[in-house]
Amino acid sequence: MREFISIHKTGFRLLKKIHHVDSAIIPLHMLEIFLSLAQIYAELFLTAELIDTLLTKNFTLAMKLAAGLLLVNLFFGVAVHLIKRKFHGMKNKLWILFYVWLREKAFSLDYETMEKPEVAEKILFSERTADINGCLGVLLYHYYNILQAILNILLSVSLVVYLCMAKPIAVEGFIGSLALPLPSTLLFTCVLAGIILCSFKVFRYFSQTQKEIFDSHTGVENKLGYFINTVYGNVKAAKMIRLYGMKDMIFENTMINEKQSMAYFEKMCDVGRQEGDANKIVNSFFTIISYLLVALKTVTGAITVGAFTRYAGALNQFGNACFAIISSNGELRKICTYMKEFLAFLDMESLHEKGSIPIEKRDDGEYELAFENVSFHYPGSDKLVLKDVNCKFHTKGKLAVVGKNGAGKTTFIKLLCRLYEPTKGRITLNGIDIRKYDEEEYRRLFGVVFQDFKLFALPVWENITAGFELQEDRIWESLQQADAKELVSGMPNGLETFLYKNLEDGVEISGGEAQKLALARALYKDAPVVILDEPTAALDPKAEAEIYSHFNQMVEGRTSIYISHRMSSCRFCDDIIVFEDGRIVERGSHEELLASGAAYADIWNAQAKYYVC
């Protein structure tokens with residue numbers, strides 16, 4: 001019973017979400033139920049009367065009843081058809097809604113939470129199980145079946161009660177005694193109680209079996225999703241697969257996970273079939289006893305031959321309704337089991353404080369950012385990436401953050417942008433902990449190009465504006481500053497040209513070209529602070545020098561922070577911070593650090609032969 005309540009608690013919560021999105025869909029379903037049941041029982045009564053009328057040879061009345069039967073079927077049939085046609089678009093909407101809710105929640109969670117493997121696994125598992133078993137539309141369909149079955153049972157039972165109360169004309173022997181109201185009622189009640197008990201035992205047995213199978217299913221969906229979504233649709237991966245002859249290896253790994261996944265779903269389907277067969281046996285037993293009861297009443301004269309069809313039909317409706325409740329409940333159990341994981345994901349809270357303080361609007365655009373005893377390690381690791389970092393810098397300057405790979409430079413920027421929060425210490429803006437600021441407002445301060453930036457299979461202008469207001473002049477200005485104007489001008493449709501070929505017949509661009517567009521996007525945002533994390537990593541030193549020669553114009557009136565392990569970027573900066581093993585080991589101007597002859601000077605001298613002056 002506890003599991004039954006848990007299943008429908010999940011189901012009703014999902015129904016509530018569906019109703020919140022479209023308040024018409026559930027009432028329309030209920031209207032369809034009433035019309036369908038009205039059609040069924042109108043047919044039963046009219047058919048019974050028609051048979052009795054034909055037996056009495058009253059053909060005029062029989063013709064009227066036949067015409068009435070046709071009109072009833074026409075009216076209700078057309079009404080139900082119109083409602084179902086309306087449902088077609090709604091079901092598509094519900095199918096899309098599931099994925100929209102999933103992604104909306106993913107976007108609302110903080111970056112640190114989304115990086116957790118178990119979170120990605122929840123998303124992939126929810127998507128794959130929904131693809132195989134159906135989601136919101138199927139859930140609504142099964143609740144529709146259950147509600148229709150419950151109403152059907154109430155109507156059919158009321159007829160069966162009337163049947164049991166019907167008195168036989170001739171009460172002779174054992175058969176005549178059974179046809180009396182009290183024995184008939186006791187017989188039907190015993191049969192009904194036995195059916196309910198058997199159905200409950202079937203439900204409990206198969207419910208436990210399915211739960212055991214579900215609990216034994218591990219992260220196979222995550223692994224399978226990686227190959228299907230990340231490897232097969234990736235152009236870069238396709239090149240590597242062909243160059244290194246990795247096709248067999250990739251297929252083999254995919255098939256291993258596919259077999260494990262299919263084994264799980266096959267077990268679930270087998271259990272579902274077994275449960276269905278068990279319920280059919282129980283339902284068949286009930287149907288046989290029911291027909292015997294109706295035949296008994298007919299033979300003893302308690303009801304007419306026409307009424308036989310009415311009551312037989314009512315008992316058939318009762319049996320079908322019981323089976324519908326059992327089978328739909330079994331399907332709901334399966335759907336709600338994985339939908340519970342989906343709801344658990346929707347209920348997931350972000351690890352970080354959201355904050356509510358608005359950012360101070362300053363006419364001069366100057367802010368002070370500070371790291372105060374900041375240490376940090378990534379989730380799932382105890383190794384400190386940053387160790388007691390203390391630094392303070394004002395806006396309206398050019399800052400370089402340099403050091404060898406793995407020194408902590410990118411982590412420093414991720415903390416500054418509130419993608420992560422310090423394990424120890426705090427980061428402040430104008431003396432206030434950045435966690436207290438409204439998160440979206442705070443992030444508007446930064447235009448960032450990370451090493452692992454992402455462009456999308458959308459028109460160039462959408463990649464540049466990134467959701468901000470479209471101003472074509474500003475787009476071209478940003479492209480000019482990022483040395484990408486000529487690139488976009490040469491594209492088939494200019495700013496309307498799609499990148500990549502995922503959605504349209506777009507253009508493929510090189511890594512260096514992509515970095516220029518990403519840089520233009522950061523400049524278009526017109527944020528007070530522009531952060532460039534290895535912005536020229538895909539360019540050669542000469543091209544890099546050309547980009548940096550324009551940086552003064554690019555970031556005029558703004559703060560610029562450059563993260564690099566190439567020292568050439570530092571010549572353009574007023575202030576340089578040198579990271580080593582998660583700590584700040586030096587700070588000063590280019591000339592001061594060269595003169596000190598320490599870590600910065602060592603790296604500079606090692607790279608000097610590549611610089612273009």
# chains A, B, ... in the order shown; residues from 1 in each chain; ligands from 1

$ residues_around --residues "range 65-67 of chain A" --least-positions-apart "4" --cutoff "7 Å" --atoms "only C-alpha atoms" --output "VMD selection string"
chain A and resid 46 50 61 71

$ write_last_selection --atoms "C-alpha atoms" --output "PDB file, in the first residue's frame"
ATOM      1  CA  LEU A  46     -30.958   0.448 -26.842  1.00  0.00           C
ATOM      2  CA  LEU A  50     -34.244  -3.606 -29.781  1.00  0.00           C
ATOM      3  CA  LEU A  61     -40.740   0.424 -32.639  1.00  0.00           C
ATOM      4  CA  LEU A  71     -27.900   8.513 -34.125  1.00  0.00           C
TER       5      LEU A  71
END

$ residues_around --residues "Phe453 in chain A" --least-positions-apart "3" --cutoff "10 Å" --atoms "only C-alpha atoms" --output "MDAnalysis selection string"
chainID A and resid 448:450 514:515 518:519 533 535

$ closest_residue --among "A:Cys198, A:Val157, A:Leu94, A:Leu346" --to "Leu109 in chain A" --atoms "only C-alpha atoms"
A:Leu346

$ residues_around --residues "Ile359 in chain A" --least-positions-apart "2" --cutoff "8 Å" --atoms "only C-alpha atoms" --output "VMD selection string"
chain A and resid 357 361 437 to 438 441 to 442

$ select_by_dssp --residues "range 139-351 of chain A" --states "alpha helix (DSSP H)" --output "PyMOL selection string"
chain A and resi 139-165+173-178+181-215+220-225+235-243+247-299+305-346

$ select_by_dssp --residues "range 274-412 of chain A" --states "strand (DSSP E)" --output "list of chain:residue names"
A:Glu368, A:Leu369, A:Ala370, A:Phe371, A:Glu372, A:Asn373, A:Val374, A:Ser375, A:Phe376, A:Leu386, A:Lys387, A:Asp388, A:Val389, A:Asn390, A:Cys391, A:Lys392, A:Phe393, A:His394, A:Lys398, A:Leu399, A:Ala400, A:Val401, A:Val402

$ write_last_selection --atoms "N, CA and C atoms" --output "JSON list (two decimals), in the first residue's frame"
[["chain", "number", "residue", "atom", "x", "y", "z"],
["A", 368, "GLU", "N", 36.27, 47.36, -7.26],
["A", 368, "GLU", "CA", 37.44, 46.73, -6.65],
["A", 368, "GLU", "C", 37.09, 45.27, -6.35],
["A", 369, "LEU", "N", 37.88, 44.36, -6.87],
["A", 369, "LEU", "CA", 37.70, 42.93, -6.63],
["A", 369, "LEU", "C", 38.86, 42.43, -5.78],
["A", 370, "ALA", "N", 38.55, 41.54, -4.84],
["A", 370, "ALA", "CA", 39.60, 41.06, -3.94],
["A", 370, "ALA", "C", 39.40, 39.59, -3.59],
["A", 371, "PHE", "N", 40.50, 38.84, -3.57],
["A", 371, "PHE", "CA", 40.53, 37.47, -3.04],
["A", 371, "PHE", "C", 41.13, 37.55, -1.64],
["A", 372, "GLU", "N", 40.42, 36.99, -0.66],
["A", 372, "GLU", "CA", 40.89, 37.05, 0.72],
["A", 372, "GLU", "C", 41.07, 35.64, 1.26],
["A", 373, "ASN", "N", 42.33, 35.20, 1.35],
["A", 373, "ASN", "CA", 42.68, 33.87, 1.88],
["A", 373, "ASN", "C", 41.88, 32.75, 1.19],
["A", 374, "VAL", "N", 41.82, 32.81, -0.12],
["A", 374, "VAL", "CA", 40.99, 31.86, -0.87],
["A", 374, "VAL", "C", 41.77, 30.57, -1.16],
["A", 375, "SER", "N", 41.16, 29.45, -0.75],
["A", 375, "SER", "CA", 41.65, 28.11, -1.12],
["A", 375, "SER", "C", 40.50, 27.37, -1.77],
["A", 376, "PHE", "N", 40.85, 26.42, -2.64],
["A", 376, "PHE", "CA", 39.77, 25.72, -3.36],
["A", 376, "PHE", "C", 40.24, 24.36, -3.82],
["A", 386, "LEU", "N", 43.88, 25.93, -5.52],
["A", 386, "LEU", "CA", 44.33, 27.25, -5.07],
["A", 386, "LEU", "C", 44.61, 27.19, -3.58],
["A", 387, "LYS", "N", 45.67, 27.88, -3.15],
["A", 387, "LYS", "CA", 46.09, 27.80, -1.75],
["A", 387, "LYS", "C", 46.33, 29.20, -1.18],
["A", 388, "ASP", "N", 45.42, 29.61, -0.28],
["A", 388, "ASP", "CA", 45.57, 30.90, 0.43],
["A", 388, "ASP", "C", 45.91, 32.05, -0.52],
["A", 389, "VAL", "N", 45.10, 32.22, -1.54],
["A", 389, "VAL", "CA", 45.33, 33.29, -2.52],
["A", 389, "VAL", "C", 44.81, 34.61, -1.97],
["A", 390, "ASN", "N", 45.65, 35.60, -1.96],
["A", 390, "ASN", "CA", 45.29, 36.95, -1.55],
["A", 390, "ASN", "C", 45.72, 37.92, -2.64],
["A", 391, "CYS", "N", 44.75, 38.65, -3.17],
["A", 391, "CYS", "CA", 45.11, 39.69, -4.14],
["A", 391, "CYS", "C", 43.94, 40.65, -4.27],
["A", 392, "LYS", "N", 44.25, 41.84, -4.73],
["A", 392, "LYS", "CA", 43.24, 42.88, -4.89],
["A", 392, "LYS", "C", 43.55, 43.62, -6.19],
["A", 393, "PHE", "N", 42.53, 43.89, -6.99],
["A", 393, "PHE", "CA", 42.77, 44.67, -8.20],
["A", 393, "PHE", "C", 41.56, 45.54, -8.50],
["A", 394, "HIS", "N", 41.86, 46.70, -9.07],
["A", 394, "HIS", "CA", 40.81, 47.66, -9.44],
["A", 394, "HIS", "C", 40.50, 47.52, -10.92],
["A", 398, "LYS", "N", 44.71, 46.68, -17.08],
["A", 398, "LYS", "CA", 44.98, 45.45, -17.81],
["A", 398, "LYS", "C", 45.82, 44.54, -16.91],
["A", 399, "LEU", "N", 45.21, 43.37, -16.59],
["A", 399, "LEU", "CA", 45.85, 42.43, -15.67],
["A", 399, "LEU", "C", 46.15, 41.13, -16.42],
["A", 400, "ALA", "N", 47.35, 40.60, -16.26],
["A", 400, "ALA", "CA", 47.70, 39.30, -16.82],
["A", 400, "ALA", "C", 47.86, 38.30, -15.68],
["A", 401, "VAL", "N", 47.29, 37.11, -15.89],
["A", 401, "VAL", "CA", 47.45, 36.02, -14.94],
["A", 401, "VAL", "C", 48.21, 34.92, -15.67],
["A", 402, "VAL", "N", 49.44, 34.67, -15.27],
["A", 402, "VAL", "CA", 50.30, 33.76, -16.03],
["A", 402, "VAL", "C", 50.83, 32.65, -15.12]]

$ residues_around --residues "range 486-502 of chain A" --least-positions-apart "5" --cutoff "8 Å" --atoms "only C-alpha atoms" --output "number ranges by chain"
A: 456-461, 480, 507-509, 513

$ residues_around --residues "range 27-42 of chain A" --least-positions-apart "2" --cutoff "7 Å" --atoms "only C-alpha atoms" --output "count of residues only"
13

$ residues_around --residues "Lys122 in chain A" --least-positions-apart "2" --cutoff "9 Å" --atoms "only C-alpha atoms" --output "ChimeraX atom specification"
/A:117-120,124-127,222,341-342,344-345

$ atom_distance --atom1 "CA of Val294 in chain A" --atom2 "CA of Asn316 in chain A"
11.2 Å

$ residues_around --residues "Ser478 in chain A" --least-positions-apart "3" --cutoff "7 Å" --atoms "only C-alpha atoms" --output "ChimeraX atom specification"
/A:474-475,481-482,520,523-524

$ write_last_selection --atoms "C-alpha atoms" --output "short mmCIF file (atom, residue, chain, number, x, y, z; two decimals), in the first residue's frame"
data_model
loop_
_atom_site.label_atom_id
_atom_site.label_comp_id
_atom_site.auth_asym_id
_atom_site.auth_seq_id
_atom_site.Cartn_x
_atom_site.Cartn_y
_atom_site.Cartn_z
CA ARG A 474 27.85 46.91 -32.75
CA ILE A 475 28.19 43.37 -34.11
CA GLN A 481 38.00 44.48 -33.00
CA ALA A 482 38.35 40.69 -32.86
CA ALA A 520 33.77 39.15 -30.60
CA LEU A 523 33.35 42.28 -26.64
CA TYR A 524 29.73 42.66 -27.81
#

$ closest_residue --among "A:Phe206, A:Thr395, A:Ile561, A:Cys135" --to "Leu14 in chain A" --atoms "only C-alpha atoms"
A:Cys135

$ closest_residue --among "A:Ala314, A:Gly408, A:Gly512, A:Lys485" --to "Ile563 in chain A" --atoms "only C-alpha atoms"
A:Gly408

$ atom_distance --atom1 "CA of Val585 in chain A" --atom2 "CA of Phe412 in chain A"
14.1 Å

$ atom_distance --atom1 "CA of Gly447 in chain A" --atom2 "CA of Ile531 in chain A"
6.1 Å
